[in-house]
>>> print(open('run.cif').read())   # mmCIF, N, CA and C atoms
data_run
#
loop_
_atom_site.label_atom_id
_atom_site.label_comp_id
_atom_site.auth_asym_id
_atom_site.auth_seq_id
_atom_site.Cartn_x
_atom_site.Cartn_y
_atom_site.Cartn_z
N MET A 1 32.14 2.64 -2.86
CA MET A 1 31.87 4.01 -2.46
C MET A 1 30.94 4.05 -1.26
N ALA A 2 30.00 3.14 -1.18
CA ALA A 2 29.03 3.17 -0.08
C ALA A 2 29.70 2.99 1.27
N SER A 3 30.76 2.20 1.34
CA SER A 3 31.43 1.98 2.62
C SER A 3 32.17 3.22 3.10
N GLN A 4 32.42 4.19 2.22
CA GLN A 4 33.13 5.41 2.58
C GLN A 4 32.20 6.47 3.14
N ILE A 5 30.92 6.33 2.99
CA ILE A 5 29.96 7.34 3.41
C ILE A 5 29.58 7.08 4.86
N PRO A 6 29.73 8.09 5.74
CA PRO A 6 29.31 7.88 7.13
C PRO A 6 27.82 7.56 7.18
N HIS A 7 27.40 6.86 8.23
CA HIS A 7 25.99 6.54 8.36
C HIS A 7 25.54 6.69 9.81
N ALA A 8 24.28 6.97 9.96
CA ALA A 8 23.70 7.13 11.30
C ALA A 8 22.19 7.14 11.18
N LYS A 9 21.52 6.96 12.32
CA LYS A 9 20.08 7.08 12.37
C LYS A 9 19.68 7.36 13.80
N THR A 10 18.48 7.89 13.96
CA THR A 10 18.01 8.22 15.30
C THR A 10 16.81 7.37 15.71
N HIS A 11 16.33 6.52 14.81
CA HIS A 11 15.20 5.63 15.10
C HIS A 11 15.51 4.23 14.59
N ASP A 12 14.62 3.30 14.83
CA ASP A 12 14.82 1.92 14.41
C ASP A 12 14.30 1.68 13.00
N ILE A 13 14.54 2.63 12.11
CA ILE A 13 14.05 2.54 10.73
C ILE A 13 15.25 2.66 9.79
N ASP A 14 15.29 1.78 8.77
CA ASP A 14 16.33 1.84 7.76
C ASP A 14 15.71 2.15 6.40
N PHE A 15 16.45 2.87 5.56
CA PHE A 15 16.01 3.11 4.20
C PHE A 15 16.08 1.78 3.46
N MET A 16 14.99 1.39 2.77
CA MET A 16 14.90 0.06 2.19
C MET A 16 14.91 0.04 0.67
N PHE A 17 14.24 0.99 0.02
CA PHE A 17 14.16 0.95 -1.44
C PHE A 17 13.75 2.30 -2.01
N THR A 18 14.01 2.44 -3.30
CA THR A 18 13.44 3.52 -4.11
C THR A 18 12.55 2.85 -5.14
N LYS A 19 11.33 3.35 -5.27
CA LYS A 19 10.38 2.80 -6.25
C LYS A 19 10.09 3.89 -7.26
N LEU A 20 10.49 3.66 -8.49
CA LEU A 20 10.33 4.63 -9.56
C LEU A 20 9.13 4.24 -10.43
N GLN A 21 8.18 5.15 -10.56
CA GLN A 21 7.03 4.91 -11.42
C GLN A 21 7.40 5.19 -12.87
N VAL A 22 7.06 4.26 -13.75
CA VAL A 22 7.38 4.38 -15.16
C VAL A 22 6.15 4.11 -16.01
N LYS A 23 6.19 4.56 -17.24
CA LYS A 23 5.10 4.31 -18.19
C LYS A 23 5.31 2.98 -18.91
N ASP A 24 6.54 2.73 -19.34
CA ASP A 24 6.87 1.54 -20.13
C ASP A 24 7.82 0.66 -19.31
N LEU A 25 7.26 -0.33 -18.62
CA LEU A 25 8.04 -1.15 -17.70
C LEU A 25 9.14 -1.92 -18.42
N ASP A 26 8.84 -2.52 -19.56
CA ASP A 26 9.85 -3.31 -20.28
C ASP A 26 11.03 -2.45 -20.73
N ARG A 27 10.74 -1.26 -21.22
CA ARG A 27 11.81 -0.35 -21.66
C ARG A 27 12.66 0.09 -20.47
N ALA A 28 12.02 0.37 -19.34
CA ALA A 28 12.76 0.77 -18.14
C ALA A 28 13.63 -0.37 -17.63
N ILE A 29 13.10 -1.59 -17.63
CA ILE A 29 13.89 -2.76 -17.21
C ILE A 29 15.13 -2.87 -18.09
N SER A 30 14.96 -2.75 -19.38
CA SER A 30 16.08 -2.86 -20.31
C SER A 30 17.14 -1.79 -20.02
N PHE A 31 16.71 -0.56 -19.79
CA PHE A 31 17.66 0.53 -19.54
C PHE A 31 18.43 0.29 -18.25
N TYR A 32 17.74 0.06 -17.14
CA TYR A 32 18.43 -0.07 -15.85
C TYR A 32 19.25 -1.36 -15.75
N SER A 33 18.89 -2.38 -16.52
CA SER A 33 19.70 -3.60 -16.56
C SER A 33 20.96 -3.39 -17.38
N SER A 34 20.81 -2.84 -18.59
CA SER A 34 21.97 -2.74 -19.48
C SER A 34 22.83 -1.51 -19.22
N ALA A 35 22.25 -0.38 -18.88
CA ALA A 35 23.05 0.83 -18.67
C ALA A 35 23.66 0.87 -17.27
N ILE A 36 22.90 0.53 -16.26
CA ILE A 36 23.36 0.62 -14.88
C ILE A 36 23.91 -0.72 -14.38
N GLY A 37 23.43 -1.81 -14.95
CA GLY A 37 23.91 -3.14 -14.55
C GLY A 37 23.13 -3.75 -13.40
N LEU A 38 21.91 -3.26 -13.16
CA LEU A 38 21.11 -3.83 -12.09
C LEU A 38 20.62 -5.22 -12.47
N VAL A 39 20.47 -6.07 -11.47
CA VAL A 39 20.08 -7.46 -11.68
C VAL A 39 18.70 -7.69 -11.09
N GLU A 40 17.79 -8.16 -11.93
CA GLU A 40 16.41 -8.40 -11.49
C GLU A 40 16.36 -9.50 -10.44
N MET A 41 15.57 -9.24 -9.38
CA MET A 41 15.40 -10.22 -8.31
C MET A 41 14.04 -10.91 -8.42
N ASN A 42 12.96 -10.13 -8.57
CA ASN A 42 11.65 -10.73 -8.75
C ASN A 42 10.66 -9.73 -9.31
N ARG A 43 9.50 -10.26 -9.68
CA ARG A 43 8.40 -9.45 -10.21
C ARG A 43 7.20 -9.63 -9.31
N VAL A 44 6.43 -8.56 -9.16
CA VAL A 44 5.29 -8.56 -8.26
C VAL A 44 4.09 -7.95 -8.97
N GLU A 45 2.95 -8.60 -8.87
CA GLU A 45 1.67 -8.03 -9.30
C GLU A 45 0.92 -7.72 -8.02
N ALA A 46 0.57 -6.47 -7.81
CA ALA A 46 -0.02 -6.09 -6.52
C ALA A 46 -1.06 -4.99 -6.72
N GLU A 47 -1.57 -4.52 -5.60
CA GLU A 47 -2.44 -3.36 -5.56
C GLU A 47 -1.92 -2.41 -4.50
N ILE A 48 -1.90 -1.14 -4.83
CA ILE A 48 -1.53 -0.09 -3.89
C ILE A 48 -2.69 0.88 -3.85
N THR A 49 -3.30 1.06 -2.72
CA THR A 49 -4.49 1.89 -2.53
C THR A 49 -5.56 1.59 -3.58
N GLY A 50 -5.75 0.29 -3.85
CA GLY A 50 -6.78 -0.13 -4.78
C GLY A 50 -6.40 -0.06 -6.25
N ARG A 51 -5.18 0.34 -6.55
CA ARG A 51 -4.73 0.45 -7.94
C ARG A 51 -3.80 -0.71 -8.27
N LYS A 52 -4.07 -1.39 -9.40
CA LYS A 52 -3.21 -2.50 -9.82
C LYS A 52 -1.87 -1.94 -10.30
N VAL A 53 -0.81 -2.65 -9.91
CA VAL A 53 0.54 -2.23 -10.26
C VAL A 53 1.40 -3.45 -10.55
N SER A 54 2.26 -3.32 -11.55
CA SER A 54 3.28 -4.32 -11.85
C SER A 54 4.61 -3.75 -11.40
N GLU A 55 5.38 -4.57 -10.66
CA GLU A 55 6.65 -4.10 -10.13
C GLU A 55 7.76 -5.08 -10.47
N VAL A 56 8.94 -4.54 -10.69
CA VAL A 56 10.14 -5.34 -10.86
C VAL A 56 11.13 -4.87 -9.80
N VAL A 57 11.59 -5.81 -9.00
CA VAL A 57 12.51 -5.51 -7.91
C VAL A 57 13.91 -5.94 -8.33
N PHE A 58 14.88 -5.04 -8.17
CA PHE A 58 16.28 -5.34 -8.49
C PHE A 58 17.06 -5.58 -7.20
N MET A 59 18.06 -6.44 -7.28
CA MET A 59 18.91 -6.76 -6.13
C MET A 59 19.70 -5.52 -5.71
N PRO A 60 20.07 -5.44 -4.43
CA PRO A 60 20.97 -4.38 -4.00
C PRO A 60 22.31 -4.52 -4.74
N THR A 61 23.01 -3.42 -4.90
CA THR A 61 24.30 -3.46 -5.60
C THR A 61 25.46 -3.73 -4.66
N TYR A 62 25.16 -3.81 -3.35
CA TYR A 62 26.17 -4.17 -2.36
C TYR A 62 25.44 -4.80 -1.17
N PRO A 63 26.14 -5.63 -0.39
CA PRO A 63 25.48 -6.32 0.73
C PRO A 63 24.79 -5.34 1.68
N GLY A 64 23.54 -5.62 1.97
CA GLY A 64 22.78 -4.78 2.87
C GLY A 64 22.26 -3.49 2.29
N GLY A 65 22.54 -3.26 1.02
CA GLY A 65 22.12 -2.01 0.38
C GLY A 65 20.64 -1.99 0.06
N PRO A 66 20.12 -0.80 -0.29
CA PRO A 66 18.70 -0.68 -0.60
C PRO A 66 18.36 -1.31 -1.95
N LEU A 67 17.10 -1.64 -2.12
CA LEU A 67 16.59 -2.18 -3.38
C LEU A 67 16.19 -1.05 -4.31
N PHE A 68 16.15 -1.34 -5.59
CA PHE A 68 15.61 -0.43 -6.59
C PHE A 68 14.42 -1.14 -7.23
N VAL A 69 13.29 -0.46 -7.30
CA VAL A 69 12.05 -1.06 -7.81
C VAL A 69 11.48 -0.18 -8.91
N LEU A 70 11.09 -0.81 -10.00
CA LEU A 70 10.34 -0.12 -11.06
C LEU A 70 8.88 -0.50 -10.92
N ALA A 71 7.98 0.48 -11.03
CA ALA A 71 6.55 0.23 -10.85
C ALA A 71 5.76 0.88 -11.98
N GLN A 72 4.83 0.11 -12.53
CA GLN A 72 3.93 0.63 -13.57
C GLN A 72 2.50 0.40 -13.11
N PHE A 73 1.80 1.51 -12.83
CA PHE A 73 0.38 1.40 -12.48
C PHE A 73 -0.40 1.15 -13.76
N HIS A 74 -1.37 0.25 -13.70
CA HIS A 74 -2.14 -0.14 -14.88
C HIS A 74 -3.10 0.95 -15.33
N ASP A 75 -3.50 1.84 -14.42
CA ASP A 75 -4.55 2.81 -14.74
C ASP A 75 -4.03 4.23 -14.98
N SER A 76 -2.72 4.42 -15.10
CA SER A 76 -2.24 5.80 -15.20
C SER A 76 -1.49 6.06 -16.49
N GLN A 77 -1.45 7.31 -16.83
CA GLN A 77 -0.67 7.78 -17.96
C GLN A 77 0.78 7.89 -17.51
N ALA A 78 1.59 8.55 -18.28
CA ALA A 78 3.00 8.71 -17.94
C ALA A 78 3.16 9.49 -16.64
N PRO A 79 3.93 8.97 -15.69
CA PRO A 79 4.18 9.70 -14.45
C PRO A 79 5.13 10.86 -14.71
N ALA A 80 5.22 11.77 -13.78
CA ALA A 80 6.16 12.89 -13.89
C ALA A 80 7.58 12.34 -13.95
N SER A 81 8.43 12.97 -14.74
CA SER A 81 9.81 12.51 -14.85
C SER A 81 10.76 13.40 -14.06
N ASN A 82 10.24 14.40 -13.37
CA ASN A 82 11.11 15.32 -12.63
C ASN A 82 10.86 15.30 -11.13
N GLU A 83 10.35 14.18 -10.63
CA GLU A 83 9.99 14.10 -9.22
C GLU A 83 11.15 13.72 -8.32
N LEU A 84 12.23 13.19 -8.88
CA LEU A 84 13.39 12.81 -8.08
C LEU A 84 14.61 12.71 -8.95
N ILE A 85 15.76 12.61 -8.30
CA ILE A 85 17.02 12.36 -9.00
C ILE A 85 17.58 11.06 -8.45
N LEU A 86 17.77 10.09 -9.32
CA LEU A 86 18.38 8.82 -8.93
C LEU A 86 19.89 8.98 -8.94
N GLY A 87 20.58 8.44 -7.95
CA GLY A 87 22.03 8.55 -7.89
C GLY A 87 22.69 7.19 -7.89
N PHE A 88 23.66 7.02 -8.77
CA PHE A 88 24.41 5.77 -8.85
C PHE A 88 25.90 6.09 -8.84
N ALA A 89 26.67 5.32 -8.09
CA ALA A 89 28.12 5.47 -8.04
C ALA A 89 28.75 4.54 -9.07
N THR A 90 29.81 5.01 -9.72
CA THR A 90 30.51 4.21 -10.72
C THR A 90 32.01 4.36 -10.55
N LYS A 91 32.74 3.36 -10.97
CA LYS A 91 34.20 3.44 -11.01
C LYS A 91 34.67 3.78 -12.41
N ASP A 92 33.75 3.79 -13.38
CA ASP A 92 34.08 4.05 -14.79
C ASP A 92 33.04 5.00 -15.38
N MET A 93 33.24 6.29 -15.18
CA MET A 93 32.28 7.30 -15.64
C MET A 93 32.06 7.22 -17.14
N ASP A 94 33.14 7.16 -17.91
CA ASP A 94 32.99 7.13 -19.37
C ASP A 94 32.23 5.90 -19.83
N GLY A 95 32.53 4.75 -19.22
CA GLY A 95 31.82 3.52 -19.56
C GLY A 95 30.35 3.59 -19.20
N ALA A 96 30.04 4.15 -18.03
CA ALA A 96 28.64 4.28 -17.59
C ALA A 96 27.85 5.18 -18.53
N ILE A 97 28.46 6.29 -18.95
CA ILE A 97 27.78 7.20 -19.87
C ILE A 97 27.56 6.52 -21.21
N ALA A 98 28.55 5.81 -21.70
CA ALA A 98 28.42 5.12 -22.99
C ALA A 98 27.31 4.07 -22.93
N ARG A 99 27.24 3.31 -21.85
CA ARG A 99 26.18 2.30 -21.71
C ARG A 99 24.80 2.95 -21.64
N ALA A 100 24.71 4.07 -20.93
CA ALA A 100 23.43 4.78 -20.84
C ALA A 100 22.97 5.24 -22.21
N GLU A 101 23.86 5.82 -22.98
CA GLU A 101 23.49 6.28 -24.32
C GLU A 101 23.10 5.10 -25.21
N ALA A 102 23.85 3.99 -25.13
CA ALA A 102 23.54 2.81 -25.94
C ALA A 102 22.19 2.22 -25.58
N ALA A 103 21.76 2.42 -24.32
CA ALA A 103 20.49 1.86 -23.85
C ALA A 103 19.32 2.83 -24.02
N GLY A 104 19.55 3.94 -24.72
CA GLY A 104 18.45 4.87 -25.00
C GLY A 104 18.41 6.10 -24.12
N GLY A 105 19.38 6.24 -23.21
CA GLY A 105 19.46 7.44 -22.38
C GLY A 105 20.16 8.56 -23.14
N ARG A 106 20.14 9.75 -22.54
CA ARG A 106 20.85 10.86 -23.17
C ARG A 106 21.57 11.67 -22.10
N VAL A 107 22.71 12.22 -22.48
CA VAL A 107 23.52 13.02 -21.57
C VAL A 107 22.91 14.41 -21.48
N LEU A 108 22.61 14.83 -20.26
CA LEU A 108 22.09 16.17 -20.03
C LEU A 108 23.19 17.12 -19.60
N GLU A 109 24.16 16.59 -18.86
CA GLU A 109 25.30 17.38 -18.38
C GLU A 109 26.51 16.45 -18.36
N PRO A 110 27.52 16.74 -19.20
CA PRO A 110 28.69 15.85 -19.24
C PRO A 110 29.40 15.78 -17.89
N ALA A 111 30.24 14.77 -17.74
CA ALA A 111 31.00 14.58 -16.51
C ALA A 111 31.86 15.81 -16.23
N HIS A 112 31.86 16.21 -14.95
CA HIS A 112 32.66 17.36 -14.53
C HIS A 112 33.00 17.24 -13.05
N ASP A 113 34.05 17.96 -12.66
CA ASP A 113 34.46 17.98 -11.26
C ASP A 113 33.44 18.76 -10.43
N VAL A 114 33.30 18.37 -9.17
CA VAL A 114 32.38 19.05 -8.25
C VAL A 114 33.19 20.00 -7.37
N ALA A 115 32.84 21.28 -7.44
CA ALA A 115 33.52 22.29 -6.64
C ALA A 115 33.35 21.96 -5.15
N GLY A 116 34.44 22.06 -4.41
CA GLY A 116 34.38 21.82 -2.98
C GLY A 116 34.45 20.36 -2.58
N MET A 117 34.50 19.45 -3.56
CA MET A 117 34.61 18.02 -3.27
C MET A 117 35.74 17.44 -4.12
N PRO A 118 36.98 17.63 -3.69
CA PRO A 118 38.13 17.17 -4.48
C PRO A 118 38.02 15.71 -4.88
N GLY A 119 38.27 15.44 -6.15
CA GLY A 119 38.24 14.08 -6.67
C GLY A 119 36.87 13.56 -7.05
N MET A 120 35.82 14.32 -6.80
CA MET A 120 34.46 13.87 -7.13
C MET A 120 34.06 14.43 -8.50
N ARG A 121 33.58 13.52 -9.35
CA ARG A 121 33.06 13.89 -10.68
C ARG A 121 31.62 13.43 -10.76
N VAL A 122 30.79 14.21 -11.43
CA VAL A 122 29.39 13.84 -11.64
C VAL A 122 29.00 14.11 -13.09
N ALA A 123 28.00 13.39 -13.54
CA ALA A 123 27.36 13.61 -14.83
C ALA A 123 25.88 13.40 -14.62
N PHE A 124 25.06 14.05 -15.43
CA PHE A 124 23.62 13.86 -15.36
C PHE A 124 23.13 13.34 -16.69
N ILE A 125 22.35 12.26 -16.63
CA ILE A 125 21.76 11.67 -17.82
C ILE A 125 20.26 11.56 -17.60
N ALA A 126 19.54 11.34 -18.68
CA ALA A 126 18.11 11.07 -18.61
C ALA A 126 17.89 9.65 -19.10
N ASP A 127 17.05 8.90 -18.39
CA ASP A 127 16.69 7.57 -18.89
C ASP A 127 15.73 7.74 -20.06
N PRO A 128 15.31 6.68 -20.73
CA PRO A 128 14.44 6.83 -21.91
C PRO A 128 13.12 7.55 -21.65
N GLU A 129 12.64 7.59 -20.40
CA GLU A 129 11.40 8.31 -20.08
C GLU A 129 11.67 9.72 -19.56
N GLY A 130 12.95 10.10 -19.48
CA GLY A 130 13.29 11.44 -19.04
C GLY A 130 13.61 11.58 -17.56
N HIS A 131 13.61 10.47 -16.80
CA HIS A 131 13.96 10.54 -15.37
C HIS A 131 15.42 10.95 -15.24
N LEU A 132 15.71 11.86 -14.33
CA LEU A 132 17.05 12.38 -14.12
C LEU A 132 17.89 11.41 -13.29
N VAL A 133 19.06 11.08 -13.81
CA VAL A 133 19.97 10.14 -13.16
C VAL A 133 21.33 10.83 -12.99
N GLN A 134 21.84 10.83 -11.77
CA GLN A 134 23.16 11.38 -11.50
C GLN A 134 24.13 10.23 -11.38
N LEU A 135 25.21 10.28 -12.14
CA LEU A 135 26.30 9.33 -12.01
C LEU A 135 27.42 10.03 -11.26
N SER A 136 27.99 9.38 -10.25
CA SER A 136 29.07 9.96 -9.44
C SER A 136 30.26 9.03 -9.43
N GLN A 137 31.44 9.63 -9.51
CA GLN A 137 32.68 8.88 -9.44
C GLN A 137 33.63 9.59 -8.48
N ALA A 138 34.00 8.89 -7.41
CA ALA A 138 34.92 9.44 -6.43
C ALA A 138 36.34 9.24 -6.92
N GLY A 139 37.23 10.17 -6.55
CA GLY A 139 38.63 10.07 -6.93
C GLY A 139 39.23 8.76 -6.50
N GLY A 140 40.14 8.24 -7.29
CA GLY A 140 40.79 6.99 -6.96
C GLY A 140 39.98 5.77 -7.35
N GLN A 141 38.79 5.98 -7.95
CA GLN A 141 37.98 4.84 -8.37
C GLN A 141 38.11 4.64 -9.86
#
>>> encode(input="run.cif", output="structure tokens")
Amino acid sequence: MASQIPHAKTHDIDFMFTKLQVKDLDRAISFYSSAIGLVEMNRVEAEITGRKVSEVVFMPTYPGGPLFVLAQFHDSQAPASNELILGFATKDMDGAIARAEAAGGRVLEPAHDVAGMPGMRVAFIADPEGHLVQLSQAGGQ
């Protein structure tokens, strides 16, 4: 699906990663590995603005694609779960939803066609911490 989306930029900057703050790093790793199929690349112990953080970096899902990173700050409570919507493309909507539910996610909006975008279906799920995840399936996939 990524190769079908036009791309452009006006500066010498590329989008590199999304870093999602979570409360329970192990639970989040389990969900994104088993439900979405992301593959862990490495783990990092670091500091960001003087705050200790544990991070897990996942490999891109296609050559040259952006990374997905889970981050747990050691000094914070649960982060907001409504700060962004994560989007993942799938060729098997029903399978993706089933894996998400089996991994502790819940369906917020079942799969449906998108008005004005022939062949596009979307569903919205919540990960175990309530982060909103959009699953998209283009026609013919």
>>> atom_distance(input="run.cif", atom1="CA of Phe88 (chain A)", atom2="CA of Pro6 (chain A)")
16.8 Å
>>> residues_around(input="run.cif", residues="region 83-86 of chain A", least_positions_apart="6", cutoff="9 Å", atoms="only C-alpha atoms", output="list in words")
Thr18, Leu20, His131, Leu132, Val133, Gln134 and Leu135 of chain A
>>> write_last_selection(input="run.cif", atoms="N, CA and C atoms", output="PDB file, in the frame of the given file")
ATOM      1  N   THR A  18      14.010   2.440  -3.300  1.00  0.00           N
ATOM      2  CA  THR A  18      13.440   3.520  -4.110  1.00  0.00           C
ATOM      3  C   THR A  18      12.550   2.850  -5.140  1.00  0.00           C
ATOM      4  N   LEU A  20      10.490   3.660  -8.490  1.00  0.00           N
ATOM      5  CA  LEU A  20      10.330   4.630  -9.560  1.00  0.00           C
ATOM      6  C   LEU A  20       9.130   4.240 -10.430  1.00  0.00           C
ATOM      7  N   HIS A 131      13.610  10.470 -16.800  1.00  0.00           N
ATOM      8  CA  HIS A 131      13.960  10.540 -15.370  1.00  0.00           C
ATOM      9  C   HIS A 131      15.420  10.950 -15.240  1.00  0.00           C
ATOM     10  N   LEU A 132      15.710  11.860 -14.330  1.00  0.00           N
ATOM     11  CA  LEU A 132      17.050  12.380 -14.120  1.00  0.00           C
ATOM     12  C   LEU A 132      17.890  11.410 -13.290  1.00  0.00           C
ATOM     13  N   VAL A 133      19.060  11.080 -13.810  1.00  0.00           N
ATOM     14  CA  VAL A 133      19.970  10.140 -13.160  1.00  0.00           C
ATOM     15  C   VAL A 133      21.330  10.830 -12.990  1.00  0.00           C
ATOM     16  N   GLN A 134      21.840  10.830 -11.770  1.00  0.00           N
ATOM     17  CA  GLN A 134      23.160  11.380 -11.500  1.00  0.00           C
ATOM     18  C   GLN A 134      24.130  10.230 -11.380  1.00  0.00           C
ATOM     19  N   LEU A 135      25.210  10.280 -12.140  1.00  0.00           N
ATOM     20  CA  LEU A 135      26.300   9.330 -12.010  1.00  0.00           C
ATOM     21  C   LEU A 135      27.420  10.030 -11.260  1.00  0.00           C
TER      22      LEU A 135
END
>>> atom_distance(input="run.cif", atom1="CA of Glu55 (chain A)", atom2="CA of Ala98 (chain A)")
26.9 Å
>>> atom_distance(input="run.cif", atom1="atom C of Pro79 (chain A)", atom2="atom C of Gln21 (chain A)")
6.4 Å
>>> resolve_selection(input="run.cif", expression="the PyMOL selection byres ((chain A and resi 59) around 6.5)", output="JSON, numbers by chain")
{"A": [38, 39, 40, 41, 42, 57, 58, 60, 61, 62, 66, 67, 68]}
>>> resolve_selection(input="run.cif", expression="the PyMOL selection byres ((chain A and resi 138) around 8)", output="PyMOL selection string")
chain A and resi 1+89-92+118-122+135-137+139-141
>>> closest_residue(input="run.cif", among="A:Ser34, A:Thr10, A:Gln72, A:Arg43", to="Arg99 (chain A)", atoms="only N, CA and C atoms")
A:Ser34
>>> select_by_dssp(input="run.cif", residues="chain A", states="strand (DSSP E)", output="ChimeraX atom specification")
/A:17-21,40-48,51-58,67-73,85-89,106-113,121-126,132-137
